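Asker: Coordinates in my_file-v2.csv, CSV, C-alpha atoms and all ligand atoms, are listed below.
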chain,number,residue,atom,x,y,z
A,1,MET,CA,52.9,-12.6,26.6
A,2,MET,CA,51.7,-9.2,27.8
A,3,ALA,CA,48.7,-9.1,30.1
A,4,LEU,CA,46.0,-6.5,29.5
A,5,THR,CA,44.5,-4.5,32.3
A,6,ARG,CA,40.7,-4.5,32.6
A,7,ARG,CA,40.7,-0.9,31.3
A,8,GLN,CA,42.8,-1.8,28.2
A,9,PHE,CA,40.7,-4.8,27.4
A,10,VAL,CA,37.4,-2.7,27.6
A,11,LYS,CA,39.0,0.0,25.4
A,12,ALA,CA,40.3,-2.4,22.8
A,13,SER,CA,36.9,-4.2,22.7
A,14,ALA,CA,35.0,-1.0,22.2
A,15,SER,CA,37.3,0.1,19.4
A,16,GLY,CA,36.9,-3.3,17.7
A,17,LEU,CA,33.1,-3.2,18.0
A,18,ALA,CA,33.0,0.4,16.7
A,19,ALA,CA,35.1,-0.5,13.7
A,20,LEU,CA,33.0,-3.5,13.0
A,21,GLY,CA,29.8,-1.4,13.2
A,22,LEU,CA,31.3,1.2,10.8
A,23,ALA,CA,32.3,-1.5,8.4
A,24,ARG,CA,28.9,-3.2,8.4
A,25,ALA,CA,27.3,0.2,7.8
A,26,GLY,CA,29.4,0.5,4.7
A,27,PHE,CA,31.6,3.4,5.8
A,28,TRP,CA,34.8,1.6,5.0
A,29,PHE,CA,33.8,0.1,1.7
A,30,ALA,CA,31.6,2.6,0.1
A,31,PRO,CA,33.6,4.7,-2.4
A,32,SER,CA,32.6,8.3,-2.6
A,33,LEU,CA,32.9,8.7,-6.3
A,34,PRO,CA,32.1,12.1,-7.8
A,35,TYR,CA,29.1,12.5,-10.2
A,36,ALA,CA,29.9,13.8,-13.6
A,37,SER,CA,28.5,17.1,-14.7
A,38,VAL,CA,26.7,16.5,-17.9
A,39,LYS,CA,24.8,18.9,-20.2
A,40,VAL,CA,21.3,17.5,-20.6
A,41,ALA,CA,19.3,20.5,-22.1
A,42,ASN,CA,19.2,24.1,-22.9
A,43,LEU,CA,16.6,26.4,-21.4
A,44,ALA,CA,15.8,27.9,-24.8
A,45,ASN,CA,14.6,24.5,-26.1
A,46,LEU,CA,12.3,23.5,-23.3
A,47,GLU,CA,8.5,23.6,-23.5
A,48,VAL,CA,6.2,23.4,-20.5
A,49,GLY,CA,5.0,19.9,-20.0
A,50,LYS,CA,7.2,18.3,-22.7
A,51,PRO,CA,9.7,15.9,-21.1
A,52,VAL,CA,13.3,15.5,-22.2
A,53,TYR,CA,14.7,12.0,-21.7
A,54,PHE,CA,18.5,11.5,-21.2
A,55,SER,CA,20.8,9.0,-19.6
A,56,TYR,CA,22.4,9.7,-16.2
A,57,PRO,CA,24.6,9.0,-14.4
A,58,ASP,CA,25.5,6.3,-17.0
A,59,ALA,CA,24.1,4.9,-20.2
A,60,ARG,CA,21.9,2.3,-18.5
A,61,SER,CA,20.0,4.8,-16.4
A,62,GLN,CA,17.2,6.6,-18.0
A,63,ALA,CA,16.4,10.0,-16.6
A,64,VAL,CA,13.9,12.7,-17.4
A,65,LEU,CA,13.9,16.5,-17.3
A,66,VAL,CA,10.7,18.6,-17.5
A,67,LYS,CA,9.7,22.3,-17.4
A,68,LEU,CA,6.6,22.3,-15.2
A,69,GLY,CA,5.4,25.8,-15.7
A,70,THR,CA,5.1,26.3,-11.9
A,71,ARG,CA,7.8,26.7,-9.3
A,72,ALA,CA,9.2,23.3,-8.0
A,73,ILE,CA,11.4,22.2,-5.1
A,74,GLY,CA,14.9,22.1,-6.6
A,75,GLY,CA,13.7,23.8,-9.7
A,76,VAL,CA,16.2,25.8,-11.9
A,77,GLY,CA,15.8,28.4,-14.5
A,78,PRO,CA,14.2,31.9,-14.3
A,79,ASP,CA,10.9,30.4,-13.0
A,80,ARG,CA,12.5,27.7,-10.9
A,81,ASP,CA,10.3,25.2,-12.7
A,82,VAL,CA,12.8,22.9,-14.4
A,83,VAL,CA,13.5,19.6,-12.6
A,84,ALA,CA,14.9,16.2,-13.4
A,85,PHE,CA,14.5,12.7,-12.0
A,86,SER,CA,15.3,9.1,-12.5
A,87,ALA,CA,12.8,7.8,-15.0
A,88,SER,CA,12.5,4.4,-13.3
A,89,CYS,CA,9.6,3.8,-10.9
A,90,THR,CA,10.8,3.1,-7.4
A,91,HIS,CA,8.4,0.2,-7.0
A,92,MET,CA,9.8,-2.3,-9.6
A,93,GLY,CA,11.6,-0.1,-12.1
A,94,CYS,CA,9.1,0.4,-14.9
A,95,PRO,CA,9.7,3.4,-17.1
A,96,LEU,CA,7.7,6.4,-16.1
A,97,GLN,CA,5.5,8.6,-18.3
A,98,PHE,CA,4.9,12.3,-17.7
A,99,LYS,CA,1.2,13.1,-17.9
A,100,ASN,CA,-0.7,16.2,-16.6
A,101,GLY,CA,2.1,17.5,-14.5
A,102,ARG,CA,3.0,14.3,-12.8
A,103,PHE,CA,5.0,11.1,-13.4
A,104,VAL,CA,2.8,8.0,-13.8
A,105,CYS,CA,3.9,4.4,-13.8
A,106,PRO,CA,2.1,2.3,-16.4
A,107,CYS,CA,2.8,-1.0,-14.5
A,108,HIS,CA,0.9,-0.5,-11.2
A,109,TYR,CA,-0.1,3.2,-11.4
A,110,SER,CA,2.1,4.8,-8.9
A,111,MET,CA,2.2,8.6,-9.2
A,112,PHE,CA,4.9,11.0,-8.3
A,113,ASP,CA,4.9,14.8,-7.9
A,114,PRO,CA,7.8,16.4,-9.7
A,115,ALA,CA,7.1,19.7,-7.9
A,116,LYS,CA,7.7,18.1,-4.5
A,117,ASN,CA,11.0,16.3,-4.8
A,118,GLY,CA,9.4,13.4,-6.6
A,119,GLU,CA,7.1,12.5,-3.7
A,120,VAL,CA,5.0,9.4,-4.3
A,121,TYR,CA,1.3,10.1,-3.6
A,122,GLN,CA,-0.5,7.1,-5.1
A,123,GLY,CA,0.2,3.4,-5.9
A,124,LEU,CA,2.5,0.7,-4.7
A,125,ALA,CA,5.7,2.7,-4.7
A,126,THR,CA,6.9,3.8,-1.3
A,127,GLU,CA,10.0,5.8,-2.1
A,128,PHE,CA,10.4,9.3,-3.7
A,129,LEU,CA,11.8,9.4,-7.2
A,130,PRO,CA,15.5,10.1,-7.0
A,131,GLN,CA,15.9,13.7,-8.0
A,132,ILE,CA,18.8,14.9,-10.2
A,133,PRO,CA,20.1,18.3,-9.1
A,134,LEU,CA,20.5,20.7,-12.0
A,135,GLU,CA,22.6,23.7,-12.6
A,136,VAL,CA,22.2,26.4,-15.3
A,137,VAL,CA,24.9,28.3,-17.0
A,138,PRO,CA,23.4,31.8,-17.1
A,139,GLN,CA,25.2,33.0,-20.2
A,140,SER,CA,24.3,30.1,-22.4
A,141,GLY,CA,21.2,28.6,-20.7
A,142,ASP,CA,22.8,25.2,-20.8
A,143,VAL,CA,21.4,22.8,-18.1
A,144,PHE,CA,23.7,20.4,-16.4
A,145,ALA,CA,22.9,17.3,-14.3
A,146,LYS,CA,25.1,17.3,-11.2
A,147,GLY,CA,24.3,14.2,-9.2
A,148,VAL,CA,21.5,11.9,-8.0
A,149,GLU,CA,19.7,12.4,-4.7
A,150,GLY,CA,18.4,8.9,-3.7
A,151,LEU,CA,19.1,5.4,-4.9
A,152,ILE,CA,18.1,4.5,-8.4
A,153,TRP,CA,15.8,1.5,-8.5
A,154,GLY,CA,17.6,-1.9,-8.8
A,155,ARG,CA,21.0,-0.5,-7.8
A,156,VAL,CA,23.2,-0.9,-4.8
A,157,SER,CA,25.1,2.2,-5.9
A,158,ASN,CA,24.2,4.8,-8.4
A,159,LEU,CA,27.7,5.1,-9.7
A,160,LEU,CA,28.7,1.4,-9.8
A,161,GLY,CA,25.5,0.3,-11.6
A,201,LIG,S1,6.6,-0.7,-11.1
A,201,LIG,FE1,5.7,1.3,-10.9
A,201,LIG,S2,4.1,1.0,-9.5
A,201,LIG,FE2,4.9,-1.0,-9.8
What would the structure in this file look like if it were written as structure tokens?
Ligand code: FES
Answerer:
Amino acid sequence: MMALTRRQFVKASASGLAALGLARAGFWFAPSLPYASVKVANLANLEVGKPVYFSYPDARSQAVLVKLGTRAIGGVGPDRDVVAFSASCTHMGCPLQFKNGRFVCPCHYSMFDPAKNGEVYQGLATEFLPQIPLEVVPQSGDVFAKGVEGLIWGRVSNLLG
């Protein structure tokens, strides 16, 4: 049997603990799956204040796109006012409604600001709405969903359901 020096023992222990820490943090097990790029609207068909609902990143996840009429953080289009979010409230997952320029939860009345990354500013929710980054094809005006920033309510992973 080979004896370890004190230095070798400390080095091996530190490596083991670091590996355990990374594994517990999910770095070894979390797959980094790519989000699909999905066409969800066309700029020519959007009206200010009229939400467009779609499923993303999969059929069980309701999302909503809206043209706000005023510039928004992460907004696309000529006026930088088109944004999209998960349509599930971050408190307990109730489906959100778009009213008077904001998302309102009918269950416990949380409100989210779509112009400020989905910031919650009233109610029981404590987390921003997950924002869906959008991309516009200039020639056609087609709007594509490209990912989800934040964890959709009720999920441990946006892509694994
Ligand atoms: S589920 Fe939306 S505030 Fe409770």
Asker: Restricting the calculation to all atoms listed in the file: of A:His108, A:Lys39, A:Lys67, A:Arg102, which residue gets closest to Phe54 in chain A?
Answerer: A:Lys39
Asker: Near range 79-92 of chain A, counting all atoms listed in the file, which residues have an atom at most 7 Å away, once you skip same-chain residues fewer than 4 positions from it, shown as JSON, numbers by chain?
Answerer: {"A": [62, 63, 64, 65, 66, 67, 68, 69, 70, 71, 72, 74, 75, 96, 105, 124, 125, 126, 127, 129, 130, 131, 132, 152, 153]}
Asker: Could you tell me how far CA of Tyr109 in chain A lies from atom FE1 of ligand LIG 201 (chain A), in Å and to one decimal?
Answerer: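 Atom FE1 of ligand LIG 201 (chain A) lies at a distance of 6.1 Å from CA of Tyr109 in chain A.
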Asker: At what distance in Å, to one decimal, does CA of Gly150 in chain A lie from CA of Val136 in chain A?
Answerer: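 Atom-to-atom, CA of Val136 in chain A and CA of Gly150 in chain A are spaced 21.3 Å apart.
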Asker: Please measure the separation of CA of Gly147 in chain A and CA of Tyr35 in chain A, giving the value in Å to one decimal.
Answerer: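 Calculated distance between CA of Gly147 in chain A and CA of Tyr35 in chain A is 5.2 Å.
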Asker: Of the residues A:Cys107, A:Ala41, A:Leu159, A:Leu46, which is the one nearest to ligand LIG 201 (chain A), using all atoms listed in the file?
Answerer: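 Using all atoms listed in the file, the shortest distance to ligand LIG 201 (chain A) belongs to A:Cys107.
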Asker: Between A:Ser37, A:Asn42, A:Asn117, A:Ser61, which one has atoms that come closest to Phe103 in chain A, using all atoms listed in the file?
Answerer: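 Ranked by minimum distance to Phe103 in chain A, first place goes to A:Asn117.
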Asker: Which residue is closest to ligand LIG 201 (chain A)? Choose from A:Cys94, A:Val148, A:Leu33, A:Ala44 and count all atoms listed in the file.
Answerer: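 Ranking A:Cys94, A:Val148, A:Leu33, A:Ala44 by distance to ligand LIG 201 (chain A), first place goes to A:Cys94.
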Asker: For each of A:Leu160, A:Val40, A:Leu151, A:Ala145, take the minimum atom-to-atom distance to Phe128 in chain A, counting only C-alpha atoms, then give the residue where this is smallest.
Answerer: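 Among the listed residues, the smallest separation from Phe128 in chain A belongs to A:Leu151.
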Asker: Kindly indicate which residue among A:Gly123, A:Pro78, A:Ala36, A:Phe98 lies nearest to ligand LIG 201 (chain A), using all atoms listed in the file for the distances.
Answerer: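 When distances to ligand LIG 201 (chain A) are compared using all atoms listed in the file, the smallest one comes from A:Gly123.
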Asker: Mind filling out range 38-49 of chain A with all heavy atoms and sending it as a JSON list (two decimals), keeping the file's coordinate frame?
Answerer:
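Ended up saving to part18.json:
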[["chain", "number", "residue", "atom", "x", "y", "z"],
["A", 38, "VAL", "N", 27.00, 16.77, -16.53],
["A", 38, "VAL", "CA", 26.70, 16.50, -17.90],
["A", 38, "VAL", "C", 25.60, 17.41, -18.44],
["A", 38, "VAL", "O", 24.56, 17.58, -17.81],
["A", 38, "VAL", "CB", 26.16, 15.00, -18.04],
["A", 38, "VAL", "CG1", 25.73, 14.67, -19.45],
["A", 38, "VAL", "CG2", 27.21, 14.02, -17.56],
["A", 39, "LYS", "N", 25.85, 17.99, -19.60],
["A", 39, "LYS", "CA", 24.80, 18.90, -20.20],
["A", 39, "LYS", "C", 23.67, 18.00, -20.70],
["A", 39, "LYS", "O", 23.87, 17.04, -21.44],
["A", 39, "LYS", "CB", 25.43, 19.65, -21.39],
["A", 39, "LYS", "CG", 24.41, 20.57, -22.04],
["A", 39, "LYS", "CD", 24.95, 21.26, -23.28],
["A", 39, "LYS", "CE", 23.80, 21.95, -24.01],
["A", 39, "LYS", "NZ", 24.20, 22.53, -25.29],
["A", 40, "VAL", "N", 22.45, 18.35, -20.28],
["A", 40, "VAL", "CA", 21.30, 17.50, -20.60],
["A", 40, "VAL", "C", 20.23, 18.33, -21.40],
["A", 40, "VAL", "O", 19.31, 17.74, -21.95],
["A", 40, "VAL", "CB", 20.67, 16.88, -19.39],
["A", 40, "VAL", "CG1", 21.65, 15.85, -18.81],
["A", 40, "VAL", "CG2", 20.30, 17.90, -18.33],
["A", 41, "ALA", "N", 20.33, 19.65, -21.43],
["A", 41, "ALA", "CA", 19.30, 20.50, -22.10],
["A", 41, "ALA", "C", 19.80, 21.89, -22.21],
["A", 41, "ALA", "O", 20.84, 22.24, -21.66],
["A", 41, "ALA", "CB", 17.98, 20.37, -21.41],
["A", 42, "ASN", "N", 19.00, 22.70, -22.91],
["A", 42, "ASN", "CA", 19.20, 24.10, -22.90],
["A", 42, "ASN", "C", 17.85, 24.79, -22.65],
["A", 42, "ASN", "O", 16.84, 24.37, -23.22],
["A", 42, "ASN", "CB", 19.79, 24.62, -24.26],
["A", 42, "ASN", "CG", 20.12, 26.09, -24.22],
["A", 42, "ASN", "OD1", 19.24, 26.95, -24.31],
["A", 42, "ASN", "ND2", 21.40, 26.40, -24.06],
["A", 43, "LEU", "N", 17.83, 25.80, -21.81],
["A", 43, "LEU", "CA", 16.60, 26.40, -21.40],
["A", 43, "LEU", "C", 15.75, 26.89, -22.64],
["A", 43, "LEU", "O", 14.52, 26.81, -22.64],
["A", 43, "LEU", "CB", 16.81, 27.63, -20.50],
["A", 43, "LEU", "CG", 17.31, 27.33, -19.09],
["A", 43, "LEU", "CD1", 17.52, 28.63, -18.32],
["A", 43, "LEU", "CD2", 16.35, 26.40, -18.34],
["A", 44, "ALA", "N", 16.44, 27.36, -23.66],
["A", 44, "ALA", "CA", 15.80, 27.90, -24.80],
["A", 44, "ALA", "C", 14.95, 26.84, -25.59],
["A", 44, "ALA", "O", 14.01, 27.17, -26.32],
["A", 44, "ALA", "CB", 16.76, 28.54, -25.78],
["A", 45, "ASN", "N", 15.30, 25.57, -25.40],
["A", 45, "ASN", "CA", 14.60, 24.50, -26.10],
["A", 45, "ASN", "C", 13.53, 23.80, -25.35],
["A", 45, "ASN", "O", 12.90, 22.87, -25.86],
["A", 45, "ASN", "CB", 15.66, 23.45, -26.59],
["A", 45, "ASN", "CG", 16.73, 24.06, -27.47],
["A", 45, "ASN", "OD1", 16.45, 24.97, -28.25],
["A", 45, "ASN", "ND2", 17.95, 23.58, -27.35],
["A", 46, "LEU", "N", 13.31, 24.23, -24.13],
["A", 46, "LEU", "CA", 12.30, 23.50, -23.30],
["A", 46, "LEU", "C", 10.93, 24.10, -23.47],
["A", 46, "LEU", "O", 10.75, 25.30, -23.58],
["A", 46, "LEU", "CB", 12.73, 23.63, -21.81],
["A", 46, "LEU", "CG", 14.08, 23.00, -21.45],
["A", 46, "LEU", "CD1", 14.38, 23.22, -19.97],
["A", 46, "LEU", "CD2", 14.11, 21.52, -21.81],
["A", 47, "GLU", "N", 9.95, 23.21, -23.48],
["A", 47, "GLU", "CA", 8.50, 23.60, -23.50],
["A", 47, "GLU", "C", 7.84, 23.08, -22.28],
["A", 47, "GLU", "O", 8.12, 21.95, -21.84],
["A", 47, "GLU", "CB", 7.85, 23.04, -24.76],
["A", 47, "GLU", "CG", 8.38, 23.59, -26.07],
["A", 47, "GLU", "CD", 7.72, 22.90, -27.27],
["A", 47, "GLU", "OE1", 6.53, 22.55, -27.18],
["A", 47, "GLU", "OE2", 8.42, 22.69, -28.26],
["A", 48, "VAL", "N", 6.94, 23.86, -21.74],
["A", 48, "VAL", "CA", 6.20, 23.40, -20.50],
["A", 48, "VAL", "C", 5.47, 22.12, -20.83],
["A", 48, "VAL", "O", 4.77, 22.00, -21.83],
["A", 48, "VAL", "CB", 5.20, 24.51, -20.09],
["A", 48, "VAL", "CG1", 4.31, 23.98, -18.97],
["A", 48, "VAL", "CG2", 5.93, 25.77, -19.64],
["A", 49, "GLY", "N", 5.70, 21.14, -19.93],
["A", 49, "GLY", "CA", 5.00, 19.90, -20.00],
["A", 49, "GLY", "C", 5.55, 18.89, -21.04],
["A", 49, "GLY", "O", 4.99, 17.80, -21.21]]
